[in-house]
Structure formats: structure tokens, C-alpha cells
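Working notes, structure below.
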Amino acid sequence: MIGDICKGKDCFLSQKNNIEDTDLLVFEDESDFPLKKSYGEDPWKILIVDDDEQTHLVTKLALSEETIFNKKLIFLQAYDSKEAFSIIRDNRDITVILLDVVMETETAGLDLVKRIREELELHSARIIIRTGQPGYAPELEVIQEYDINDYKMKSELTRTRLLSSLISAIRSFEQYQILDQNKNGMEHMITSSMSLFSYNSIEDYSSHVLEQISRVINAECESFLCNQHIPINDDKKHYEYFIIAASRYYRDFLDLSIDKLNEEHRENLKTLFEKKISFFKGNLAYIYLQNDQHHNGALVIHTDHRITEPEQQLIKVYGIQVSVGFGNQYLLHQLHQFAYFDQLCQLPNRTKFLDEIRNRQKEKSGQVVALIDIIEFSEINNAMGYHNGDKLLKSLSARIRAHLDSDVFLARISGDTFSIIGPKEKIIPGDLLSIFKKPFTLNGTSFPLKAKLGLVHLDQQELNPEDVLQDADMALKIAKRSEGTRYRYFDSKMDEDTQNRIHITRDLKTAIDRDELLLYFQPQLDLVSHKLNGAESLIRWEKPDGELVPPSQFVHIAEQSGLIIDIGEIAIRKSLVFMENWIKEGNKPFRIGVNVSVRQFHSDNFSEFLSKTLSEFSVDPSLVELEITESMLMHDVEQGIRILNHAKGLGLSIAIDDFGTGFSSLSYLLRLPIDRLKIDRSFILNLENDKKAQRLTQLIVRMGKQLKLQLIAEGVETEEQAQFLKDLECDEVQGYLYSKPLTAADFQIWANKNMSDYP
């Protein structure tokens with residue numbers, strides 16, 4: 001019977017011997033097809049599902065010798081849908097399924113298709129439906145829904161038509177594999193992009209970039225990253241590039257100039273940097289990474305095969321991601337520099353010095369902290385001009401640094417005050433003062449400088465770094481007040497300030513009991529419309545005689561004594577009372593910001609206090625914004641995140657106050673449920689003239705925009721500052737340009753006068 005059916009090459013499964021040749025799809029022999037090299041070397045797996053033994057035999061007879069896209073065919077066989085399902089489950093790499101519709105039931109084939117796509121979630125296998133009964137053909141929507149490649153009647157399925165359908169299905173299978181590869185590559189890139197901020201150094205990020213490449217394109221490769229160093233000659237625009245990360249073969253070139261590479265790489269990289277383009281050559285990819293004018297670079301990928309078009313597209317997208325990542329890394333580096341280093345003398349700043357005290361308290365003993373203050377430097381500055389004064393400070397810092405041993409830490413903590421910490425045998429006052437014996441020369445003029453020292457032994461572990469500096473500063477002040485004394489060590493007799501703190505603590509506790517603390521409010525305005533968006537509540541202490549004690553005199557003492565927790569709770573309650581009354585009087589509500597201290601934030605019942613207090617007022621919690629500083633989160637990051645998540649769950653909004661002054665890690669920032677960044681007033685103060693402050697402010701605004709956070713600038717005092725911030729598209733401002741902090745009554749008057757035009 002098989003011989004009767006298979007009469008001639010193009011008469012496969014035809015039960016009608018009168019089919020005209022013109023009705024057939026005529027194919028050339030397989031060797032004449034324009035075949036491409038396929039992925040992998042394994043043969044195509046073809047599953048025949050049919051309850052007719054003859055159909056199995058004829059199909060295998062017709063196709064067993066075929067080679068499609070340079071690969072042989074192997075056949076799996078099933079005679080009902082249950083057996084087919086078991087085979088497919090164990091062979092998820094099946095290429096094509098030749099499926100009969102009617103087997104043990106009238107819809108067995110279509111039911112199996114549904115199980116393949118939905119239950120097994122196997123979408124790569126291509127399905128060709130074959131049926132001998134036209135009435136059981138699947139509907140068009142079924143073909144579309146379950147991704148059925150083709151539908152053929154057995155009565156008209158010649159060998160040529162079957163082969164045509166099979167080639168089409170295998171081509172579709174390959175395309176699906178390519179798309180799936182691209183999808184996996186994109187998923188790796190998405191995963192990689194999520195970690196852009198989790199690397200705290202350019203070196204770590206560069207290594208991460210190279211590690212991901214093989215996963216993105218799913219192929220073995222070697223690669224390296226080269227980056228632009230500072231210009232050697234600005235006039236000639238000559239830049240030198242060095243390899244900053246490398247894998248495998250290229251590791252020998254790490255930290256070397258690209259001039260050490262072979263000629264092919266040198267010429268290709270020269271073209272890349274001159275034309276600022278990415279391109280591919282066989283199994284090499286040269287990807288241009290554009291960051292800023294001093295940090296452009298290139299990613300070079302060397303694969304074990306010719307890079308395909310889909311792989312090129314993935315690599316190009318990955319290159320864009322890498323460029324963005326490097327931009328963030330340089331931003332991270334610059335923010336770290338601004339946060340922890342003095343930009344004038346290129347020394348650690350006060351924040352970094354406090355960290356160093358903390359570290360040495362934990363790890364070392366016998367350490368001494370010394371403050372070095374230049375006598376009458378302000379007069380020298382005024383006489384010489386600030387530009388020359390800066391030069392003198394840089395010359396002094398270089399001399400101090402050269403004088404100290406490597407285990408002595410030097411920082412500049414204020415204008416003319418330097419600080420050092422090191423072993424007590426190396427921090428000798430006379431030795432330090434000898435630095436100033438030789439005059440400094442500037443512009444041909446000799447300038448003798450004098451200094452005084454304040455020192456403290458770092459042997460009181462219970463003191464926090466701020467207290468250590470305060471004690472050293474107390475010793476320095478006494479030395480400066482004493483004629484003929486050039487240095488003083490802190491000792492227990494220096495209790496003047498200590499006694500003062502005791503008196504303030506006692507009076508402050510009484511003030512809390514008598515409700516002498518009140519709130520002032522400073523408006524926060526939309527930078528474009530000047531609409532009132534919010535106000536920051538500021539605690540003030542008004543004594544019974546009307547004397548107003550400035551916060552600078554009592555807040556730090558309240559922190560040390562623990563009274564700051566009571567003061568913080570008072571501020572939150574009074575803010576809610578103010579807003580509740582404001583709304584009851586028919587005024588439009590606005591956001592009110594409340595400062596939270598470190599000790600209050602980390603107190604045992606802070607979250608409970610928030611929940612309980614909010615429930616006592618009718619104020620919408622979304623109108624209340626907690627202002628926290630970056631540094632308070634670093635004590636216990638995980639606890640801080642839990643507290644903030646609880647506050648967000650209550651409906652409160654969160655702002656990072658004084659942003660840019662206590663920077664630690666952007667990877668933490670990404671995890672915080674925050675709404676707003678407040679740019680610290682220290683950056684705004686000289687914004688009109690200070691290029692570094694301008695650049696840092698630009699960086700903060702840009703980063704805030706990338707993280708989709710609102711930005712508000714504090715301390716705006718001039719129209720020029722406001723215009724600069726407006727050009728950066730900063731969202732909000734507060735400062736004396738618009739209003740000083742006001743009592744509740746004065747705030748109402750200000751609002752009536754200034755906000756009538758802004759409904």
C-alpha cells in the first residue's frame with residue numbers, strides 16, 4: 001500500500017492521483033537552497049503525532065534523508081495525545097510537531113496544543129496541524145492564539161508541500177531562538193542596569209561591565225575597557241587612554257596605555273575616538289562610550305565567532321547602558337569628593353576627619369587629635385586678596401603633608417584650621433609648630449605664618465567624634481586667648497563650656513515643661529509659579545522675658561542630653577496643631593516639613609509615636625513631611641529603612657535634608673522610600689560666583705531628576721541664585737529672598753499678602 005501511495009517524488013500522502021503539477025509548490029533539491037549556518041550542531045527534532053501507523057511510516061520515508069539548514073532530522077513518534085505530551089515534556093528542545101487533530105477524541109490534537117502552550121509553557125516548538133477530515137480544521141483564532149505555524153489537509157499534502165512547511169517552521173523556530181536569545185540578553189541588561197548604583201568605585205563597576213558581556217550575548221568572549229585620562233596638552237587636544245579593566249587575554253594590558261595594544265586595535269580605537277562612533281569588524285566590537293569631556297572611553301569585545309546582527313543590536317544597547325553607568329560612577333566619584341574632600345587643598349574635610357576619629361577609636365589606642373589654627377589669617381587674606389590667600393593655604397597644606405608620617409591623618413576642617421590624628425609619639429606640639437619656622441613665599445614676597453594648637457588624647461571611648469573635636473577646639477580657643485601660649489591639651493579643668501552646657505540643659509528642660517518652645521515657619525515655593533507648596537517648621541526657644549535663644553546655642557546640647565527627643569515630639573505635635581487650625585480657618589492646606597534628629601529617629605518608640613500622634617489629629621498625613629539627614633541613616637541602614645517604610649505606610653512623605661553634605665553611598669539612597677532632596681544652603685551661598693558650587697548643584701539636580709525625586713534648594717537669598725536654580729529646573733526654593741522664618745501669626749499675614757494671586 002505504501003508503494004501505491006508513494007508513486008513519484010511529489011505525490012506524498014495524496015489520495016487523489018489527478019492532482020495537476022501546477023497545483024504543487026515545486027522546490028529545488030536541498031543542495032540548491034540558500035541555506036545559512038544554523039545555531040548549534042544538534043539535528044532538528046521532529047515529533048510525529050498521529051494515530052495512523054501508515055502516516056508515521058510515510059512521513060519518515062519522505063523526510064529521513066533530508067538536510068535542512070545543514071542539519072539532519074531525527075524523528076520522535078507518538079500515537080495519541082497523552083504519549084505526545086509525555087515526550088514533549090521530556091524533550092523541550094523539539095523543533096517541529098507534525099500533529100493530527102482527530103485521534104482518541106475529535107479535538108485531541110487541539111487540546112494537546114493548548115497544553116503545550118499553557119501547561120508546559122513551551123512556545124519555541126513549531127506546530128503543523130495535519131488532518132484528513134476538513135470538518136475538524138481549527139478556527140483562525142485558534143491558530144493565532146496558540147501560535148500554530150501551518151494547517152494542511154492530508155489529502156493535498158505532497159512531499160514538496162510538507163518539506164516547504166517544515167522549512168518554514170524550522171526557520172520560524174530559529175527566529176524564535178534568536179528572539180529568545182535577545183530577550184535573555186535584554187533581561188541581563190535590565191538586571192545589570194538595576195545595579196548601576198550599587199558599585200562604589202569605577203574599578204568595581206568596570207569589572208561588573210565585563211562580567212556581564214558574555215551573558216548579554218550568550219557567547220564566549222574576551223574584552224577590555226579603556227578610558228580617557230586628563231588632557232596632557234589642552235591646546236592640542238591630545239588625550240591619552242588607558243585600559244582600566246580587562247578579561248582573560250587582555251589582563252596583561254591592565255593599567256597600560258592603548259598604545260601597547262597591537263596595530264589593529266590601535267588603528268580601530270583611533271578611528272573610534274576621532275569619529276566618536278561604534279562599529280563592528282568580524283568577531284570584534286568597538287563601542288564608543290560617551291560620558292563627559294574628560295571621561296570618554298571604549299568597550300572592546302572579542303568573540304569566538306563573527307558577531308551577528310542581533311548580537312550587534314544587543315551590544316549597542318548594552319554600550320548605551322554602560323555609558324550611563326559610567327556617567328553615574330563619575331557623578332558618584334565627584335559627589336564623594338565634594339562630600340569628603342576639601343576642593344581647595346585636596347585634603348579630607350571635616351566629615352571625613354570625623355569618620356577617621358571614629359575608625360581609630362575602634363581600632364587603635366594612644367591616638368592624639370590636634371587642631372592647627374593660623375593666627376590672624378583673615379587679616380592676611382584681606383591684605384593679599386582671597387585668590388592669593390588660597391594659594392598660601394595650598395602651600396601650607398603641602399608643607400604639613402610632607403612633614404607628617406604616613407600613619408598620621410591630615411584634614412582641613414574649616415577656612416584656616418587643619419586637623420590631624422595619629423600616634424601620640426608622632427603628634428608632638430613643638431614638632432608641629434616647627435613647620436611654621438620658615439616663611440612662605442608667594443609672588444616673590446615672604447610671608448611668615450604663626451599657628452596655635454589645641455590637642456586632645458583620644459582615650460575616652462565613650463566620646464563621639466563631634467565631642468572629640470569640640471574638646472580639641474576648646475583647648476585651641478584657650479590657647480588662642482592665652483598670651484605666650486602656642487598650644488594647649490584639653491583637660492578636665494576646661495569646664496567653662498561644660499558648665500555652660502549643664503546650665504542650658506537645665507534651663508531647656510524647664511522650658512519644655514513650661515511650653516516655652518514654639519514654631520516658626522519658612523515658606524517653600526514653586527520656583528516657577530511662586531505658589532506656596534509647603535513650609536518648614538523650625539523650633540525656637542522664647543524665654544519668659546522675651547529673649548529668643550537661637551537654635552545654635554541649644555540644639556546640639558539637646559542632642560547630647562537626650563532632650564532632643566522631647567523637642568522633636570513637640571515640633572511634630574505643634575506642626576499638626578498649626579495645620580489643623582489653618583485648615584479649619586478656611587485656608588488651603590500645604591505640605592509642612594518637620595526636622596527629625598538622629599536620637600529621635602533611632603529612639604525605641606519613634607514609629608509608635610508617629611502612629612499614635614497622627615491618629616489624634618484630622619490632618620491628612622500626606623501633608624506632613626519628615627526631614628532627615630543622610631548621616632542619621634548610616635548608624636543602622638536596615639533599621640532606618642524599616643522606620644522610613646513605616647512612616648511611608650502612614651502616608652507621610654520623606655525628604656533628605658542638607659543633601660550633599662553627608663554623602664555616603666548612592667546604593668543606600670536607591671533603597672530609601674524618599675520623595676524629595678533638599679540641596680544644602682552651603683552650596684547655594686556663593687552660587688553666583690563659585691563654579692564648584694554651581695557644578696555640584698547641577699550634579700545633585702541631575703541625579704534627583706534621574707531618580708524621579710522632587711528637589712528644593714535651601715538658603716536662596718538673591719535673584720541670581722534663584723535664576724540659576726530655575727535654569728536647572730529645580731522644583732522648589734526657600735530662603736530669605738522670599739521670606740525669613742515667621743511665627744504662625746506672621747505667616748498668616750505673609751500668606752494673605754503674597755499668595756492671593758496663587759489659588
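To be explicit about the labels: the chains of the C-alpha cells are called A, B, and onward in the order shown, and within each one the residues are counted from 1, while ligands get numbers from 1 in the order they are shown.
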Find the residues near Phe173 in chain A: any atom within 10 Å, counting only C-alpha atoms, skip ones fewer than 5 places away on the same chain, and give them as a VMD selection string. chain A and resid 94 to 96 123 to 127 149 167 to 168 178 to 179
Please dump the current selection as a CSV table (one decimal), in the first residue's frame; keep N, CA and C atoms.
```
chain,number,residue,atom,x,y,z
A,94,ILE,N,12.3,20.1,21.2
A,94,ILE,CA,11.7,19.7,19.9
A,94,ILE,C,11.5,20.9,19.0
A,95,THR,N,11.9,20.7,17.7
A,95,THR,CA,11.8,21.8,16.8
A,95,THR,C,10.4,21.9,16.2
A,96,VAL,N,9.9,20.9,15.6
A,96,VAL,CA,8.6,20.9,14.9
A,96,VAL,C,7.7,19.7,15.4
A,123,HIS,N,6.9,27.6,24.0
A,123,HIS,CA,6.5,28.4,22.9
A,123,HIS,C,7.4,28.3,21.7
A,124,SER,N,8.6,27.7,21.9
A,124,SER,CA,9.6,27.7,20.8
A,124,SER,C,9.2,26.6,19.8
A,125,ALA,N,8.7,25.5,20.2
A,125,ALA,CA,8.3,24.4,19.3
A,125,ALA,C,7.3,24.9,18.3
A,126,ARG,N,7.6,24.6,17.0
A,126,ARG,CA,6.6,25.0,15.9
A,126,ARG,C,5.6,23.8,15.7
A,127,ILE,N,4.4,24.2,15.4
A,127,ILE,CA,3.4,23.2,15.2
A,127,ILE,C,2.7,23.2,13.9
A,149,ASN,N,1.8,27.0,13.3
A,149,ASN,CA,2.5,27.5,12.1
A,149,ASN,C,1.8,27.3,10.8
A,167,ILE,N,10.4,23.5,6.3
A,167,ILE,CA,11.5,24.5,6.2
A,167,ILE,C,11.0,25.8,6.8
A,168,SER,N,9.8,26.2,6.5
A,168,SER,CA,9.2,27.5,7.0
A,168,SER,C,9.1,27.4,8.6
A,178,ILE,N,16.5,33.1,18.2
A,178,ILE,CA,17.2,34.4,18.2
A,178,ILE,C,16.5,35.4,19.0
A,179,LEU,N,15.2,35.5,18.9
A,179,LEU,CA,14.4,36.5,19.7
A,179,LEU,C,14.5,36.2,21.2
```
Hey, what's within 10 Å of Phe341 in chain A if we count only C-alpha atoms and toss same-chain stuff fewer than 6 positions away? As an NGL selection string, please? :A and (334-335 or 347-353 or 411-413)
Create the file for the chosen residues now, containing N, CA and C atoms and written as a JSON list (two decimals), in the first residue's frame.
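Dumped to selection.json:
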```
[["chain", "number", "residue", "atom", "x", "y", "z"],
["A", 334, "GLN", "N", 32.47, 62.22, 41.98],
["A", 334, "GLN", "CA", 32.53, 63.66, 42.24],
["A", 334, "GLN", "C", 31.78, 64.03, 43.51],
["A", 335, "LEU", "N", 30.62, 63.41, 43.72],
["A", 335, "LEU", "CA", 29.87, 63.69, 44.95],
["A", 335, "LEU", "C", 30.67, 63.25, 46.17],
["A", 347, "LEU", "N", 42.48, 67.92, 50.42],
["A", 347, "LEU", "CA", 42.63, 67.17, 51.66],
["A", 347, "LEU", "C", 41.26, 66.67, 52.11],
["A", 348, "PRO", "N", 41.23, 65.64, 52.96],
["A", 348, "PRO", "CA", 39.96, 65.26, 53.58],
["A", 348, "PRO", "C", 39.36, 66.45, 54.32],
["A", 349, "ASN", "N", 38.01, 66.50, 54.35],
["A", 349, "ASN", "CA", 37.34, 67.61, 55.04],
["A", 349, "ASN", "C", 36.89, 67.18, 56.44],
["A", 350, "ARG", "N", 36.07, 68.00, 57.05],
["A", 350, "ARG", "CA", 35.64, 67.74, 58.42],
["A", 350, "ARG", "C", 34.87, 66.42, 58.53],
["A", 351, "THR", "N", 33.96, 66.17, 57.58],
["A", 351, "THR", "CA", 33.18, 64.94, 57.62],
["A", 351, "THR", "C", 34.08, 63.71, 57.58],
["A", 352, "LYS", "N", 35.06, 63.74, 56.67],
["A", 352, "LYS", "CA", 35.98, 62.61, 56.56],
["A", 352, "LYS", "C", 36.84, 62.48, 57.81],
["A", 353, "PHE", "N", 37.21, 63.60, 58.40],
["A", 353, "PHE", "CA", 38.03, 63.55, 59.61],
["A", 353, "PHE", "C", 37.25, 62.94, 60.77],
["A", 411, "ALA", "N", 43.66, 66.69, 57.67],
["A", 411, "ALA", "CA", 42.43, 67.18, 57.04],
["A", 411, "ALA", "C", 42.37, 68.69, 57.21],
["A", 412, "ARG", "N", 41.56, 69.33, 56.36],
["A", 412, "ARG", "CA", 41.25, 70.76, 56.52],
["A", 412, "ARG", "C", 39.78, 70.85, 56.89],
["A", 413, "ILE", "N", 39.48, 71.32, 58.10],
["A", 413, "ILE", "CA", 38.11, 71.25, 58.60],
["A", 413, "ILE", "C", 37.39, 72.59, 58.54]]
```
Near Leu519 in chain A, within 8 Å and counting only C-alpha atoms, which residues show up once chain neighbours fewer than 2 positions away are dropped, as a PyMOL selection string? chain A and resi 517+521+537-540+571+574-575+743-744
The selected residues should be written to file as a PDB file, in the first residue's frame (atoms: N, CA and C atoms).
```
ATOM      1  N   LEU A 517       8.762  76.480  74.114  1.00  0.00           N
ATOM      2  CA  LEU A 517       9.216  76.232  72.746  1.00  0.00           C
ATOM      3  C   LEU A 517       8.076  76.507  71.765  1.00  0.00           C
ATOM      4  N   PHE A 521       7.843  79.307  60.864  1.00  0.00           N
ATOM      5  CA  PHE A 521       7.598  78.638  59.587  1.00  0.00           C
ATOM      6  C   PHE A 521       8.234  79.433  58.451  1.00  0.00           C
ATOM      7  N   SER A 537       8.890  73.815  59.362  1.00  0.00           N
ATOM      8  CA  SER A 537       8.696  74.264  60.742  1.00  0.00           C
ATOM      9  C   SER A 537      10.033  74.226  61.467  1.00  0.00           C
ATOM     10  N   LEU A 538      10.346  75.314  62.181  1.00  0.00           N
ATOM     11  CA  LEU A 538      11.644  75.478  62.841  1.00  0.00           C
ATOM     12  C   LEU A 538      11.419  75.783  64.311  1.00  0.00           C
ATOM     13  N   ILE A 539      12.069  74.996  65.172  1.00  0.00           N
ATOM     14  CA  ILE A 539      11.867  75.156  66.613  1.00  0.00           C
ATOM     15  C   ILE A 539      12.609  76.389  67.135  1.00  0.00           C
ATOM     16  N   ARG A 540      11.969  77.114  68.009  1.00  0.00           N
ATOM     17  CA  ARG A 540      12.565  78.287  68.654  1.00  0.00           C
ATOM     18  C   ARG A 540      12.272  78.241  70.148  1.00  0.00           C
ATOM     19  N   ALA A 571       7.762  69.455  68.221  1.00  0.00           N
ATOM     20  CA  ALA A 571       7.719  70.050  66.884  1.00  0.00           C
ATOM     21  C   ALA A 571       6.665  69.371  66.010  1.00  0.00           C
ATOM     22  N   LYS A 574       3.072  70.308  67.428  1.00  0.00           N
ATOM     23  CA  LYS A 574       2.723  71.698  67.163  1.00  0.00           C
ATOM     24  C   LYS A 574       2.505  71.934  65.666  1.00  0.00           C
ATOM     25  N   SER A 575       3.229  71.209  64.824  1.00  0.00           N
ATOM     26  CA  SER A 575       3.015  71.329  63.382  1.00  0.00           C
ATOM     27  C   SER A 575       1.629  70.840  62.999  1.00  0.00           C
ATOM     28  N   THR A 743       6.595  83.579  62.712  1.00  0.00           N
ATOM     29  CA  THR A 743       5.666  82.993  63.678  1.00  0.00           C
ATOM     30  C   THR A 743       4.389  82.597  62.951  1.00  0.00           C
ATOM     31  N   ALA A 744       3.544  81.838  63.611  1.00  0.00           N
ATOM     32  CA  ALA A 744       2.304  81.395  62.984  1.00  0.00           C
ATOM     33  C   ALA A 744       1.449  82.588  62.559  1.00  0.00           C
TER      34      ALA A 744
END
```
Env of range 607-624 of chain A: 6 Å cut, atoms = only C-alpha atoms, seq-sep filter 4 positions within chain, self excluded. Answer as a count of residues only. 5
All alpha helix (DSSP H) residues (DSSP, backbone) inside range 611-713 of chain A, as a PyMOL selection string: chain A and resi 611-615+630-633+637-649+666-671+681-684+691-706
For CA of Val49 in chain A and CA of Leu76 in chain A, determine how far apart the two atoms are, in Å to one decimal place. 8.6 Å
Using only C-alpha atoms, which of A:Ala751, A:Ile628, A:Ile170, A:Ile375 sits nearest Lys71 in chain A?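 Checking each candidate against Lys71 in chain A, we get A:Ile170 as the closest.
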List the spatial neighbours of Val322 in chain A as a ChimeraX atom specification - criterion: any atom at most 12 Å away, only C-alpha atoms, same-chain residues fewer than 2 positions off excluded. /A:189-190,192-196,202,205-210,212-213,225,287-291,296-299,315-320,324-329
List the neighbours of range 263-270 of chain A out to 10 Å using only C-alpha atoms; skip same-chain residues closer than 6 positions along the sequence, and give me the result as a list in words.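 These residues fall inside the cut-off: Cys226, Tyr241, Lys276, Ile277, Ser278, Phe279, Phe280, Lys281, Leu284, Ala285, Tyr286, Ile287, Tyr288, Gly297, Ala298, Leu299 and Val300 of chain A.
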Selected residues written out with N, CA and C atoms, as a short mmCIF file (atom, residue, chain, number, x, y, z; two decimals), in the first residue's frame:
```cif
data_model
loop_
_atom_site.label_atom_id
_atom_site.label_comp_id
_atom_site.auth_asym_id
_atom_site.auth_seq_id
_atom_site.Cartn_x
_atom_site.Cartn_y
_atom_site.Cartn_z
N CYS A 226 38.75 50.82 27.97
CA CYS A 226 39.78 51.87 28.07
C CYS A 226 39.09 53.20 28.30
N TYR A 241 44.74 57.40 26.55
CA TYR A 241 43.75 56.44 27.01
C TYR A 241 44.45 55.24 27.63
N LYS A 276 34.12 59.26 17.01
CA LYS A 276 33.15 59.10 18.10
C LYS A 276 31.99 58.21 17.66
N ILE A 277 32.34 57.04 17.12
CA ILE A 277 31.33 56.11 16.63
C ILE A 277 31.65 54.70 17.12
N SER A 278 30.63 53.84 17.12
CA SER A 278 30.80 52.42 17.40
C SER A 278 30.76 51.66 16.08
N PHE A 279 31.49 50.55 15.99
CA PHE A 279 31.45 49.75 14.77
C PHE A 279 31.90 48.33 15.07
N PHE A 280 31.63 47.44 14.08
CA PHE A 280 31.93 46.02 14.24
C PHE A 280 32.81 45.57 13.07
N LYS A 281 33.75 44.67 13.39
CA LYS A 281 34.62 44.09 12.36
C LYS A 281 34.76 42.60 12.65
N LEU A 284 35.00 41.27 16.21
CA LEU A 284 35.40 42.37 17.09
C LEU A 284 34.31 43.44 17.13
N ALA A 285 34.06 43.95 18.34
CA ALA A 285 33.13 45.07 18.51
C ALA A 285 33.87 46.20 19.19
N TYR A 286 33.75 47.41 18.64
CA TYR A 286 34.35 48.62 19.21
C TYR A 286 33.22 49.58 19.55
N ILE A 287 32.95 49.74 20.83
CA ILE A 287 31.80 50.51 21.28
C ILE A 287 32.29 51.81 21.94
N TYR A 288 31.85 52.93 21.39
CA TYR A 288 32.24 54.24 21.92
C TYR A 288 31.38 54.58 23.14
N GLY A 297 35.38 56.91 26.63
CA GLY A 297 36.11 55.65 26.63
C GLY A 297 35.60 54.72 25.57
N ALA A 298 36.04 53.47 25.64
CA ALA A 298 35.64 52.48 24.65
C ALA A 298 35.56 51.11 25.32
N LEU A 299 34.59 50.33 24.84
CA LEU A 299 34.45 48.93 25.23
C LEU A 299 34.79 48.09 24.00
N VAL A 300 35.77 47.21 24.13
CA VAL A 300 36.20 46.35 23.02
C VAL A 300 35.86 44.91 23.38
#
```
Apply DSSP to the backbone of this structure and, from range 32-122 of chain A, keep only the residues in strand (DSSP E or B); write these as an MDAnalysis selection string. chainID A and resid 44:49 67:68 71:78 96:100
So, counting only C-alpha atoms, which residue among A:Arg117, A:Lys740, A:His602, A:His503 is closest to Gln524 in chain A? A:Lys740
